[in-house]
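A.B. asks: File structure08.txt below, compact mmCIF, C-alpha atoms:
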# COMPACT_ATOMS: atom_id res chain seq x y z
CA MET A 1 97.74 87.10 94.04
CA VAL A 2 97.76 90.88 94.08
CA ASP A 3 95.37 93.40 92.57
CA ILE A 4 95.38 96.88 91.13
CA LEU A 5 92.48 98.94 92.52
CA HIS A 6 91.18 102.38 91.56
CA ARG A 7 88.16 104.61 92.16
CA VAL A 8 87.07 107.67 90.22
CA GLY A 9 83.82 109.62 90.13
CA VAL A 10 82.38 110.86 86.86
CA GLN A 11 80.41 114.02 87.52
CA ASN A 12 77.01 114.81 86.00
CA ALA A 13 76.94 111.44 84.32
CA ALA A 14 74.64 108.45 84.63
CA PRO A 15 76.00 104.92 85.03
CA ASP A 16 74.64 104.20 81.54
CA ASP A 17 76.95 106.86 80.10
CA VAL A 18 80.03 105.25 81.66
CA TYR A 19 78.76 101.80 80.75
CA ASP A 20 78.57 102.89 77.11
CA ALA A 21 82.17 104.07 77.23
CA LEU A 22 83.20 100.60 78.44
CA THR A 23 81.09 98.50 76.09
CA THR A 24 81.22 100.16 72.67
CA LEU A 25 84.16 100.40 70.28
CA ASP A 26 83.67 104.16 69.94
CA GLY A 27 83.68 104.54 73.71
CA LEU A 28 86.77 102.43 74.25
CA ARG A 29 88.58 104.27 71.44
CA GLY A 30 87.82 107.52 73.22
CA TRP A 31 89.70 106.89 76.44
CA TRP A 32 91.98 103.81 76.21
CA ALA A 33 93.27 102.84 72.76
CA SER A 34 92.40 104.75 69.60
CA ASP A 35 93.12 101.50 67.76
CA THR A 36 90.43 99.23 69.21
CA SER A 37 88.52 96.60 67.25
CA GLY A 38 86.84 93.23 67.73
CA SER A 39 83.59 92.17 69.36
CA VAL A 40 82.18 93.91 72.41
CA GLU A 41 79.40 91.34 72.88
CA LEU A 42 79.35 88.84 75.74
CA GLY A 43 81.93 86.17 74.90
CA GLY A 44 83.53 88.37 72.27
CA VAL A 45 87.16 89.46 72.20
CA ILE A 46 88.10 93.14 72.07
CA GLU A 47 91.50 93.92 70.54
CA PHE A 48 93.31 96.94 71.94
CA ARG A 49 96.47 97.97 70.09
CA PHE A 50 99.15 100.27 71.44
CA GLY A 51 102.05 100.94 69.10
CA PRO A 52 104.27 97.87 69.36
CA GLY A 53 101.93 95.64 71.33
CA GLY A 54 98.39 94.91 72.23
CA ILE A 55 95.93 93.42 74.64
CA ASP A 56 93.02 91.12 73.88
CA MET A 57 90.14 91.05 76.35
CA ARG A 58 87.34 88.51 76.37
CA VAL A 59 84.07 90.01 77.62
CA ILE A 60 82.97 87.58 80.32
CA GLU A 61 80.28 89.62 82.10
CA LEU A 62 77.94 92.39 81.00
CA ASP A 63 75.34 93.69 83.46
CA ARG A 64 74.09 97.10 82.32
CA PRO A 65 74.64 99.55 83.93
CA ASN A 66 76.34 97.98 86.94
CA ARG A 67 79.18 95.75 85.97
CA VAL A 68 81.56 94.74 83.19
CA VAL A 69 84.22 92.03 83.45
CA TRP A 70 86.99 91.24 80.98
CA GLU A 71 89.45 88.36 80.99
CA VAL A 72 92.84 88.99 79.44
CA VAL A 73 93.39 86.40 76.70
CA GLY A 74 96.24 88.11 74.84
CA GLY A 75 98.98 90.56 75.76
CA PRO A 76 101.96 90.75 78.11
CA ALA A 77 102.71 87.43 79.82
CA GLU A 78 101.96 88.88 83.26
CA TRP A 79 98.47 89.90 82.10
CA ILE A 80 97.29 86.59 80.66
CA GLY A 81 94.50 85.13 82.78
CA THR A 82 94.07 88.24 84.90
CA THR A 83 90.66 89.90 85.03
CA VAL A 84 89.55 93.50 84.79
CA THR A 85 86.32 94.35 86.62
CA TRP A 86 84.33 97.58 86.39
CA ARG A 87 81.64 98.28 88.99
CA LEU A 88 79.41 101.32 88.55
CA SER A 89 77.15 102.97 91.10
CA THR A 90 75.64 106.37 91.86
CA ALA A 91 76.61 108.84 94.59
CA GLY A 92 74.89 112.21 94.35
CA ASP A 93 75.69 113.67 90.93
CA TYR A 94 78.59 111.26 90.39
CA THR A 95 78.81 107.85 88.80
CA ILE A 96 81.38 106.02 90.89
CA VAL A 97 83.69 103.65 89.05
CA LEU A 98 85.34 100.91 91.10
CA PHE A 99 88.04 99.29 89.01
CA SER A 100 90.14 96.21 89.68
CA HIS A 101 92.78 94.45 87.64
CA ALA A 102 93.06 91.27 89.64
CA GLY A 103 94.98 88.05 89.66
CA TRP A 104 98.57 89.17 89.13
CA ALA A 105 100.85 86.30 90.15
CA GLU A 106 103.53 88.56 91.60
CA PRO A 107 103.94 92.29 92.32
CA VAL A 108 106.56 92.71 89.59
CA GLU A 109 107.83 96.17 88.63
CA PHE A 110 105.60 96.06 85.54
CA MET A 111 102.60 95.85 87.87
CA TYR A 112 103.67 99.08 89.60
CA HIS A 113 103.77 100.71 86.16
CA CYS A 114 100.41 99.34 85.08
CA SER A 115 98.80 100.55 88.31
CA THR A 116 99.80 104.15 87.66
CA LYS A 117 98.99 103.87 83.97
CA TRP A 118 95.48 102.55 84.74
CA ALA A 119 94.92 105.64 86.92
CA VAL A 120 95.88 107.82 83.96
CA PHE A 121 93.44 105.98 81.70
CA LEU A 122 90.65 106.13 84.29
CA LEU A 123 91.08 109.90 84.39
CA SER A 124 90.89 109.80 80.58
CA LEU A 125 87.62 107.84 80.85
CA LYS A 126 86.30 110.41 83.33
CA ALA A 127 87.26 113.26 80.99
CA LEU A 128 85.69 111.53 77.99
CA VAL A 129 82.32 111.13 79.68
CA GLU A 130 82.37 114.55 81.35
CA THR A 131 83.67 116.63 78.45
CA GLY A 132 83.49 114.47 75.33
CA ALA A 133 87.28 114.30 75.02
CA GLY A 134 89.55 111.69 76.60
CA SER A 135 93.28 111.09 76.10
CA PRO A 136 93.55 107.59 74.63
CA ASP A 137 96.78 106.07 73.32
CA PRO A 138 98.69 107.46 71.44
CA ARG A 139 97.72 110.80 73.01
CA ASP A 140 97.92 109.41 76.56
CA LEU A 141 99.99 111.02 79.30
CA ARG A 142 103.52 109.62 79.36
CA ILE A 143 104.51 108.72 82.92
CA SER A 144 108.01 107.22 82.53
CA ASP A 145 110.61 105.54 80.31
CA TRP A 146 108.11 102.68 79.92
CA HIS A 147 105.57 105.09 78.52
CA MET B 1 97.21 92.45 103.52
CA VAL B 2 96.98 94.36 100.28
CA ASP B 3 99.20 97.07 98.84
CA ILE B 4 98.97 100.11 96.63
CA LEU B 5 101.80 100.13 94.07
CA HIS B 6 102.90 102.79 91.59
CA ARG B 7 105.82 103.58 89.28
CA VAL B 8 106.69 106.87 87.64
CA GLY B 9 109.84 108.13 85.93
CA VAL B 10 111.13 111.64 86.52
CA GLN B 11 112.94 112.82 83.42
CA ASN B 12 116.26 114.69 83.43
CA ALA B 13 116.46 114.38 87.19
CA ALA B 14 118.92 112.70 89.51
CA PRO B 15 117.76 110.46 92.36
CA ASP B 16 119.04 113.14 94.75
CA ASP B 17 116.56 115.63 93.29
CA VAL B 18 113.61 113.31 93.94
CA TYR B 19 115.01 112.36 97.33
CA ASP B 20 115.06 116.06 98.28
CA ALA B 21 111.39 116.38 97.31
CA LEU B 22 110.59 113.50 99.69
CA THR B 23 112.74 114.53 102.63
CA THR B 24 112.43 118.31 102.99
CA LEU B 25 109.40 120.33 104.10
CA ASP B 26 109.69 122.57 101.06
CA GLY B 27 109.78 119.55 98.78
CA LEU B 28 106.80 117.84 100.40
CA ARG B 29 104.83 121.10 100.33
CA GLY B 30 105.48 121.31 96.61
CA TRP B 31 103.71 118.10 95.52
CA TRP B 32 101.59 116.63 98.34
CA ALA B 33 100.25 118.99 101.00
CA SER B 34 100.93 122.72 100.98
CA ASP B 35 100.33 122.57 104.74
CA THR B 36 103.18 120.30 105.85
CA SER B 37 105.16 120.72 109.05
CA GLY B 38 107.03 118.67 111.62
CA SER B 39 110.37 116.89 111.61
CA VAL B 40 111.78 115.25 108.49
CA GLU B 41 114.69 113.65 110.37
CA LEU B 42 114.97 109.92 111.03
CA GLY B 43 112.50 109.14 113.80
CA GLY B 44 110.70 112.44 113.35
CA VAL B 45 107.03 112.87 112.55
CA ILE B 46 105.90 114.84 109.50
CA GLU B 47 102.42 116.37 109.72
CA PHE B 48 100.50 116.65 106.48
CA ARG B 49 97.23 118.60 106.66
CA PHE B 50 94.48 118.48 104.04
CA GLY B 51 91.48 120.70 104.78
CA PRO B 52 89.43 118.76 107.30
CA GLY B 53 91.92 116.04 108.13
CA GLY B 54 95.53 115.08 108.22
CA ILE B 55 98.13 112.37 108.15
CA ASP B 56 101.14 111.99 110.43
CA MET B 57 104.08 110.00 109.13
CA ARG B 58 107.01 108.81 111.21
CA VAL B 59 110.23 108.68 109.18
CA ILE B 60 111.54 105.17 109.82
CA GLU B 61 114.16 104.84 107.08
CA LEU B 62 116.34 107.34 105.21
CA ASP B 63 118.93 106.03 102.76
CA ARG B 64 119.98 108.83 100.40
CA PRO B 65 119.33 108.72 97.49
CA ASN B 66 117.81 105.24 97.31
CA ARG B 67 115.07 104.76 99.80
CA VAL B 68 112.67 106.49 102.18
CA VAL B 69 110.14 104.74 104.44
CA TRP B 70 107.34 106.29 106.48
CA GLU B 71 105.04 104.68 109.00
CA VAL B 72 101.58 106.15 109.36
CA VAL B 73 101.09 107.13 113.02
CA GLY B 74 98.10 109.45 112.60
CA GLY B 75 95.26 109.79 110.12
CA PRO B 76 92.35 107.73 108.81
CA ALA B 77 91.81 104.51 110.78
CA GLU B 78 92.59 102.36 107.73
CA TRP B 79 95.98 104.04 107.36
CA ILE B 80 97.28 103.62 110.91
CA GLY B 81 100.21 101.22 110.98
CA THR B 82 100.55 101.03 107.21
CA THR B 83 103.87 101.94 105.62
CA VAL B 84 104.79 104.07 102.64
CA THR B 85 108.02 103.12 100.87
CA TRP B 86 109.83 105.08 98.18
CA ARG B 87 112.57 103.34 96.16
CA LEU B 88 114.62 105.41 93.72
CA SER B 89 116.87 104.20 90.91
CA THR B 90 118.21 105.39 87.58
CA ALA B 91 117.20 104.28 84.07
CA GLY B 92 118.74 106.33 81.27
CA ASP B 93 117.77 109.96 81.82
CA TYR B 94 114.98 109.02 84.25
CA THR B 95 114.90 108.60 87.98
CA ILE B 96 112.49 105.74 88.54
CA VAL B 97 110.24 105.97 91.59
CA LEU B 98 108.80 102.72 92.92
CA PHE B 99 106.12 103.52 95.46
CA SER B 100 104.21 101.27 97.81
CA HIS B 101 101.60 101.97 100.45
CA ALA B 102 101.54 98.60 102.13
CA GLY B 103 99.78 96.81 104.93
CA TRP B 104 96.13 97.67 104.35
CA ALA B 105 94.04 95.19 106.33
CA GLU B 106 91.28 94.99 103.72
CA PRO B 107 90.72 96.28 100.17
CA VAL B 108 87.99 98.69 101.31
CA GLU B 109 86.52 101.24 98.89
CA PHE B 110 88.65 103.94 100.51
CA MET B 111 91.73 101.98 99.40
CA TYR B 112 90.54 102.12 95.77
CA HIS B 113 90.25 105.90 96.17
CA CYS B 114 93.66 106.29 97.80
CA SER B 115 95.30 104.23 95.06
CA THR B 116 94.08 106.60 92.34
CA LYS B 117 94.82 109.64 94.47
CA TRP B 118 98.40 108.48 95.08
CA ALA B 119 98.86 108.25 91.31
CA VAL B 120 97.71 111.85 91.01
CA PHE B 121 100.18 112.97 93.68
CA LEU B 122 103.03 110.97 92.13
CA LEU B 123 102.41 112.81 88.88
CA SER B 124 102.50 116.01 90.93
CA LEU B 125 105.88 114.94 92.37
CA LYS B 126 107.13 114.22 88.85
CA ALA B 127 105.96 117.64 87.66
CA LEU B 128 107.53 119.40 90.64
CA VAL B 129 110.97 117.91 90.02
CA GLU B 130 110.78 118.24 86.22
CA THR B 131 109.29 121.72 85.99
CA GLY B 132 109.50 123.29 89.44
CA ALA B 133 105.70 123.27 89.86
CA GLY B 134 103.62 120.47 91.32
CA SER B 135 99.93 120.40 92.22
CA PRO B 136 99.78 119.84 95.98
CA ASP B 137 96.61 120.01 98.06
CA PRO B 138 94.56 122.23 97.89
CA ARG B 139 95.41 122.66 94.19
CA ASP B 140 95.38 118.89 93.55
CA LEU B 141 93.31 117.29 90.81
CA ARG B 142 89.88 116.32 92.09
CA ILE B 143 89.02 112.78 91.03
CA SER B 144 85.60 112.14 92.61
CA ASP B 145 83.03 113.03 95.27
CA TRP B 146 85.65 112.00 97.84
CA HIS B 147 88.03 114.57 96.43
Could you spell out this file's structure in structure tokens?

C.D. replies:
Amino acid sequence: MVDILHRVGVQNAAPDDVYDALTTLDGLRGWWASDTSGSVELGGVIEFRFGPGGIDMRVIELDRPNRVVWEVVGGPAEWIGTTVTWRLSTAGDYTIVLFSHAGWAEPVEFMYHCSTKWAVFLLSLKALVETGAGSPDPRDLRISDWH
Amino acid sequence: MVDILHRVGVQNAAPDDVYDALTTLDGLRGWWASDTSGSVELGGVIEFRFGPGGIDMRVIELDRPNRVVWEVVGGPAEWIGTTVTWRLSTAGDYTIVLFSHAGWAEPVEFMYHCSTKWAVFLLSLKALVETGAGSPDPRDLRISDWH
């Protein structure tokens, strides 16, 4: 089992601000997928759509403003059953975001891609909360032939 | 043991172009640390300096234009003895870069930070080879309170 890990700091923002961007449809549409729908409540399934494909996340933990956990219930085969965890804390004038996408069976090449792509989307989340404008799909930064 | 993994594609570039950016002082200065010196030959030690600190990498494998491996021989305690591996291949008009920073003893918070920061520097490498201009330290993108 191998994990993708990331850390960013969102400046001049409270954990509640980042928490909102992770737990509302408007927030999620602002940094990850413009086409996001579904239920953001505990036990609900959020549907993220990216051009040809999509990812469905079940919300399995909500602890404002500290922690959000999603379980992948739809999407690429390698993602099914993995979990995405967001941990928020404060350091000076930053909200620190500790991110993990855990439970990959194998470090396949697709995992390398997803690791870099998550970094790009975390920087989009940071920009959204700091400036009001993120870069969600389909305006996300292209990093390779795999998009 | 846990690893940092990333994948980017450098468009309209040959593997040799990316290999040069990884194996010459001018190349390394163009995307990672402006203050880079030392020996880039097999067995040599490259000295990367970032403001207050630095990282020393011993070049332990050079296989043009496919593969470069460094061993960390100086720098943050968590980095000592870890290895950084670059694998290059071709896909259409892209050179694909598979990156790993492997052998971390524990997934400490600093590893989360380094994972995101490596993504930023890989995008700097991509920009350098594609456009001639990367964003090396000290002009790198700041991602948090930890820089």

A.B. asks: Set the cut-off to 9 Å and count all atoms listed in the file: what are the residues of chain A that reach chain B? Output as a ChimeraX atom specification.

C.D. replies: /A:2-11,91-96,98-100,107,109-120,122-123,126,143-146

A.B. asks: Quick one: residues within 9 Å of A:Asp16, only C-alpha atoms, excluding same-chain residues fewer than 5 positions away - as a list in words?

C.D. replies: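 Near A:Asp16, the qualifying residues are Ala21, Arg64, Pro65, Asn66 and Leu88 of chain A.
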
A.B. asks: Would you write out chain A as a compact mmCIF listing (two decimals) with C-alpha atoms, keeping the file's coordinate frame, after superposing it on chain B by least squares over all in-order Cα pairs?

C.D. replies:
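Contents of the output file superposed23.txt:
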# COMPACT_ATOMS: atom_id res chain seq x y z
CA MET A 1 97.21 92.44 103.55
CA VAL A 2 97.00 94.36 100.30
CA ASP A 3 99.21 97.07 98.86
CA ILE A 4 98.98 100.10 96.63
CA LEU A 5 101.81 100.13 94.07
CA HIS A 6 102.91 102.79 91.59
CA ARG A 7 105.82 103.58 89.28
CA VAL A 8 106.70 106.88 87.64
CA GLY A 9 109.84 108.13 85.93
CA VAL A 10 111.12 111.64 86.52
CA GLN A 11 112.95 112.81 83.42
CA ASN A 12 116.26 114.69 83.44
CA ALA A 13 116.45 114.39 87.19
CA ALA A 14 118.91 112.70 89.52
CA PRO A 15 117.74 110.46 92.36
CA ASP A 16 119.04 113.14 94.75
CA ASP A 17 116.55 115.63 93.29
CA VAL A 18 113.60 113.30 93.94
CA TYR A 19 115.02 112.37 97.33
CA ASP A 20 115.05 116.05 98.28
CA ALA A 21 111.40 116.37 97.31
CA LEU A 22 110.58 113.49 99.68
CA THR A 23 112.73 114.52 102.63
CA THR A 24 112.42 118.30 102.99
CA LEU A 25 109.40 120.31 104.11
CA ASP A 26 109.69 122.57 101.06
CA GLY A 27 109.77 119.55 98.78
CA LEU A 28 106.81 117.84 100.39
CA ARG A 29 104.82 121.10 100.33
CA GLY A 30 105.47 121.29 96.60
CA TRP A 31 103.72 118.12 95.53
CA TRP A 32 101.59 116.61 98.34
CA ALA A 33 100.25 118.99 101.00
CA SER A 34 100.93 122.72 100.98
CA ASP A 35 100.33 122.58 104.73
CA THR A 36 103.17 120.30 105.84
CA SER A 37 105.15 120.72 109.05
CA GLY A 38 107.02 118.65 111.63
CA SER A 39 110.36 116.88 111.60
CA VAL A 40 111.77 115.24 108.49
CA GLU A 41 114.69 113.66 110.37
CA LEU A 42 114.95 109.92 111.02
CA GLY A 43 112.49 109.13 113.81
CA GLY A 44 110.70 112.43 113.34
CA VAL A 45 107.02 112.87 112.55
CA ILE A 46 105.89 114.83 109.50
CA GLU A 47 102.41 116.37 109.72
CA PHE A 48 100.49 116.64 106.47
CA ARG A 49 97.23 118.59 106.64
CA PHE A 50 94.48 118.49 104.05
CA GLY A 51 91.48 120.69 104.77
CA PRO A 52 89.43 118.77 107.32
CA GLY A 53 91.93 116.05 108.14
CA GLY A 54 95.53 115.08 108.20
CA ILE A 55 98.13 112.38 108.15
CA ASP A 56 101.13 111.99 110.43
CA MET A 57 104.08 109.99 109.12
CA ARG A 58 107.01 108.80 111.20
CA VAL A 59 110.23 108.68 109.18
CA ILE A 60 111.53 105.17 109.83
CA GLU A 61 114.16 104.84 107.08
CA LEU A 62 116.33 107.33 105.22
CA ASP A 63 118.93 106.03 102.76
CA ARG A 64 119.97 108.83 100.40
CA PRO A 65 119.34 108.70 97.49
CA ASN A 66 117.81 105.23 97.32
CA ARG A 67 115.06 104.76 99.81
CA VAL A 68 112.66 106.49 102.18
CA VAL A 69 110.15 104.73 104.44
CA TRP A 70 107.35 106.29 106.47
CA GLU A 71 105.04 104.67 109.00
CA VAL A 72 101.58 106.15 109.36
CA VAL A 73 101.09 107.12 113.01
CA GLY A 74 98.10 109.45 112.59
CA GLY A 75 95.27 109.79 110.10
CA PRO A 76 92.35 107.73 108.81
CA ALA A 77 91.82 104.51 110.78
CA GLU A 78 92.59 102.36 107.74
CA TRP A 79 95.99 104.06 107.37
CA ILE A 80 97.30 103.64 110.91
CA GLY A 81 100.22 101.21 110.98
CA THR A 82 100.55 101.03 107.21
CA THR A 83 103.87 101.95 105.62
CA VAL A 84 104.79 104.07 102.64
CA THR A 85 108.02 103.11 100.87
CA TRP A 86 109.84 105.08 98.17
CA ARG A 87 112.56 103.36 96.15
CA LEU A 88 114.62 105.42 93.71
CA SER A 89 116.87 104.21 90.92
CA THR A 90 118.22 105.39 87.57
CA ALA A 91 117.21 104.28 84.08
CA GLY A 92 118.75 106.32 81.27
CA ASP A 93 117.77 109.95 81.82
CA TYR A 94 114.99 109.02 84.24
CA THR A 95 114.90 108.61 87.99
CA ILE A 96 112.48 105.74 88.54
CA VAL A 97 110.25 105.98 91.59
CA LEU A 98 108.80 102.72 92.91
CA PHE A 99 106.12 103.53 95.46
CA SER A 100 104.20 101.26 97.80
CA HIS A 101 101.60 101.96 100.44
CA ALA A 102 101.54 98.60 102.13
CA GLY A 103 99.79 96.82 104.93
CA TRP A 104 96.13 97.67 104.35
CA ALA A 105 94.03 95.19 106.34
CA GLU A 106 91.28 94.99 103.73
CA PRO A 107 90.70 96.28 100.18
CA VAL A 108 87.99 98.69 101.31
CA GLU A 109 86.52 101.24 98.89
CA PHE A 110 88.66 103.93 100.52
CA MET A 111 91.73 101.99 99.41
CA TYR A 112 90.55 102.12 95.78
CA HIS A 113 90.27 105.90 96.17
CA CYS A 114 93.66 106.29 97.81
CA SER A 115 95.30 104.23 95.05
CA THR A 116 94.10 106.60 92.34
CA LYS A 117 94.81 109.65 94.47
CA TRP A 118 98.41 108.49 95.10
CA ALA A 119 98.87 108.25 91.31
CA VAL A 120 97.72 111.86 91.01
CA PHE A 121 100.18 112.96 93.68
CA LEU A 122 103.03 110.97 92.13
CA LEU A 123 102.41 112.81 88.87
CA SER A 124 102.50 116.02 90.93
CA LEU A 125 105.87 114.95 92.37
CA LYS A 126 107.13 114.22 88.85
CA ALA A 127 105.96 117.65 87.65
CA LEU A 128 107.53 119.40 90.64
CA VAL A 129 110.96 117.92 90.01
CA GLU A 130 110.78 118.25 86.22
CA THR A 131 109.30 121.74 85.99
CA GLY A 132 109.50 123.30 89.44
CA ALA A 133 105.71 123.28 89.86
CA GLY A 134 103.63 120.47 91.34
CA SER A 135 99.92 120.40 92.22
CA PRO A 136 99.79 119.83 95.98
CA ASP A 137 96.60 120.00 98.05
CA PRO A 138 94.57 122.23 97.89
CA ARG A 139 95.41 122.66 94.19
CA ASP A 140 95.39 118.90 93.55
CA LEU A 141 93.32 117.28 90.81
CA ARG A 142 89.87 116.33 92.08
CA ILE A 143 89.03 112.77 91.03
CA SER A 144 85.60 112.15 92.61
CA ASP A 145 83.02 113.04 95.27
CA TRP A 146 85.65 112.03 97.85
CA HIS A 147 88.03 114.60 96.44

A.B. asks: Find the distance between atom CA of B:Leu125 and atom CA of B:Ser37 and write it in Å to one decimal.

C.D. replies: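 The value is 17.7 Å.
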
A.B. asks: With 5 Å of padding per side, what axis-aligned box (centre and edge lengths, Å, one decimal) covers all the listed atoms of stretch 15-18 of chain B? Give it as JSON.

C.D. replies:
{"center_x": 116.3, "center_y": 113.0, "center_z": 93.6, "size_x": 15.4, "size_y": 15.2, "size_z": 12.4}

A.B. asks: Can you list, as an MDAnalysis selection string, every protein, DNA or RNA residue that comes within 8 Å of A:Thr83 when you count all atoms listed in the file, leaving out same-chain residues fewer than 3 positions away?

C.D. replies: chainID A and resid 69:72 100:103

A.B. asks: With distances taken over only C-alpha atoms, which of A:Tyr19, A:Trp104, A:Ile55, A:Ala13 is nearest to A:Ala33?

C.D. replies: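 Under the stated criterion, the closest residue is A:Ile55.
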
A.B. asks: To one decimal in Å, tell me the separation between atom CA of B:Gly53 and atom CA of B:Pro136.

C.D. replies: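 Computing it gives 15.0 Å between the two atoms.
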
A.B. asks: What is the atom CA of B:Ser124-atom CA of B:Gly38 distance in Å, reported with one decimal?

C.D. replies: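 Between atom CA of B:Ser124 and atom CA of B:Gly38 the gap works out to 21.3 Å.
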
A.B. asks: Within 9 Å of A:Leu25, counting all atoms listed in the file, which residues show up once you throw out same-chain ones fewer than 5 positions away? Write them as a PyMOL selection string, please.

C.D. replies: chain A and resi 30+36-40+46

A.B. asks: Please determine, counting all atoms listed in the file, which residue among A:Pro15, A:Gly27, A:Gly74, A:Gly81 has the shortest atom-to-atom distance to A:Leu128.

C.D. replies: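 With all atoms listed in the file as the atom set, the closest residue is A:Gly27.
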
A.B. asks: Atoms are missing here; could stretch 139-145 of chain A be completed with all heavy atoms and written as a PDB file, in the frame of the given file?

C.D. replies:
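Below is the file result-v4.pdb, written as the result:
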ATOM      1  N   ARG A 139      97.677 109.452  72.455  1.00  0.00           N
ATOM      2  CA  ARG A 139      97.720 110.800  73.010  1.00  0.00           C
ATOM      3  C   ARG A 139      97.695 110.747  74.542  1.00  0.00           C
ATOM      4  O   ARG A 139      97.417 111.764  75.203  1.00  0.00           O
ATOM      5  CB  ARG A 139      96.516 111.625  72.528  1.00  0.00           C
ATOM      6  CG  ARG A 139      96.368 111.697  71.012  1.00  0.00           C
ATOM      7  CD  ARG A 139      95.351 112.758  70.595  1.00  0.00           C
ATOM      8  NE  ARG A 139      94.077 112.625  71.290  1.00  0.00           N
ATOM      9  CZ  ARG A 139      93.094 111.792  70.925  1.00  0.00           C
ATOM     10  NH1 ARG A 139      93.265 110.996  69.887  1.00  0.00           N
ATOM     11  NH2 ARG A 139      91.974 111.738  71.607  1.00  0.00           N
ATOM     12  N   ASP A 140      97.974 109.572  75.111  1.00  0.00           N
ATOM     13  CA  ASP A 140      97.920 109.410  76.560  1.00  0.00           C
ATOM     14  C   ASP A 140      99.112 110.077  77.235  1.00  0.00           C
ATOM     15  O   ASP A 140     100.153 110.303  76.613  1.00  0.00           O
ATOM     16  CB  ASP A 140      97.881 107.916  76.913  1.00  0.00           C
ATOM     17  CG  ASP A 140      99.030 107.146  76.299  1.00  0.00           C
ATOM     18  OD1 ASP A 140      99.333 107.343  75.087  1.00  0.00           O
ATOM     19  OD2 ASP A 140      99.652 106.349  77.010  1.00  0.00           O
ATOM     20  N   LEU A 141      98.935 110.389  78.514  1.00  0.00           N
ATOM     21  CA  LEU A 141      99.990 111.020  79.300  1.00  0.00           C
ATOM     22  C   LEU A 141     101.139 110.045  79.521  1.00  0.00           C
ATOM     23  O   LEU A 141     100.942 108.947  80.032  1.00  0.00           O
ATOM     24  CB  LEU A 141      99.412 111.450  80.653  1.00  0.00           C
ATOM     25  CG  LEU A 141     100.380 112.103  81.626  1.00  0.00           C
ATOM     26  CD1 LEU A 141     100.827 113.460  81.105  1.00  0.00           C
ATOM     27  CD2 LEU A 141      99.739 112.239  83.007  1.00  0.00           C
ATOM     28  N   ARG A 142     102.339 110.453  79.144  1.00  0.00           N
ATOM     29  CA  ARG A 142     103.520 109.620  79.360  1.00  0.00           C
ATOM     30  C   ARG A 142     103.968 109.763  80.815  1.00  0.00           C
ATOM     31  O   ARG A 142     104.145 110.890  81.288  1.00  0.00           O
ATOM     32  CB  ARG A 142     104.629 110.038  78.400  1.00  0.00           C
ATOM     33  CG  ARG A 142     105.864 109.194  78.575  1.00  0.00           C
ATOM     34  CD  ARG A 142     106.838 109.339  77.413  1.00  0.00           C
ATOM     35  NE  ARG A 142     107.934 108.403  77.620  1.00  0.00           N
ATOM     36  CZ  ARG A 142     108.607 107.803  76.648  1.00  0.00           C
ATOM     37  NH1 ARG A 142     108.306 108.056  75.403  1.00  0.00           N
ATOM     38  NH2 ARG A 142     109.571 106.960  76.932  1.00  0.00           N
ATOM     39  N   ILE A 143     104.179 108.640  81.490  1.00  0.00           N
ATOM     40  CA  ILE A 143     104.510 108.720  82.920  1.00  0.00           C
ATOM     41  C   ILE A 143     105.942 108.305  83.233  1.00  0.00           C
ATOM     42  O   ILE A 143     106.400 108.510  84.359  1.00  0.00           O
ATOM     43  CB  ILE A 143     103.545 107.871  83.773  1.00  0.00           C
ATOM     44  CG1 ILE A 143     103.624 106.387  83.421  1.00  0.00           C
ATOM     45  CG2 ILE A 143     102.110 108.375  83.621  1.00  0.00           C
ATOM     46  CD1 ILE A 143     102.869 105.483  84.400  1.00  0.00           C
ATOM     47  N   SER A 144     106.661 107.729  82.234  1.00  0.00           N
ATOM     48  CA  SER A 144     108.010 107.220  82.530  1.00  0.00           C
ATOM     49  C   SER A 144     108.698 106.753  81.255  1.00  0.00           C
ATOM     50  O   SER A 144     108.152 106.868  80.167  1.00  0.00           O
ATOM     51  CB  SER A 144     107.942 106.051  83.505  1.00  0.00           C
ATOM     52  OG  SER A 144     107.485 104.896  82.824  1.00  0.00           O
ATOM     53  N   ASP A 145     109.893 106.159  81.429  1.00  0.00           N
ATOM     54  CA  ASP A 145     110.610 105.540  80.310  1.00  0.00           C
ATOM     55  C   ASP A 145     109.811 104.384  79.696  1.00  0.00           C
ATOM     56  O   ASP A 145     110.026 104.030  78.551  1.00  0.00           O
ATOM     57  CB  ASP A 145     111.981 105.047  80.782  1.00  0.00           C
ATOM     58  CG  ASP A 145     111.876 104.070  81.945  1.00  0.00           C
ATOM     59  OD1 ASP A 145     110.898 104.174  82.748  1.00  0.00           O
ATOM     60  OD2 ASP A 145     112.749 103.203  82.083  1.00  0.00           O
TER      61      ASP A 145
END
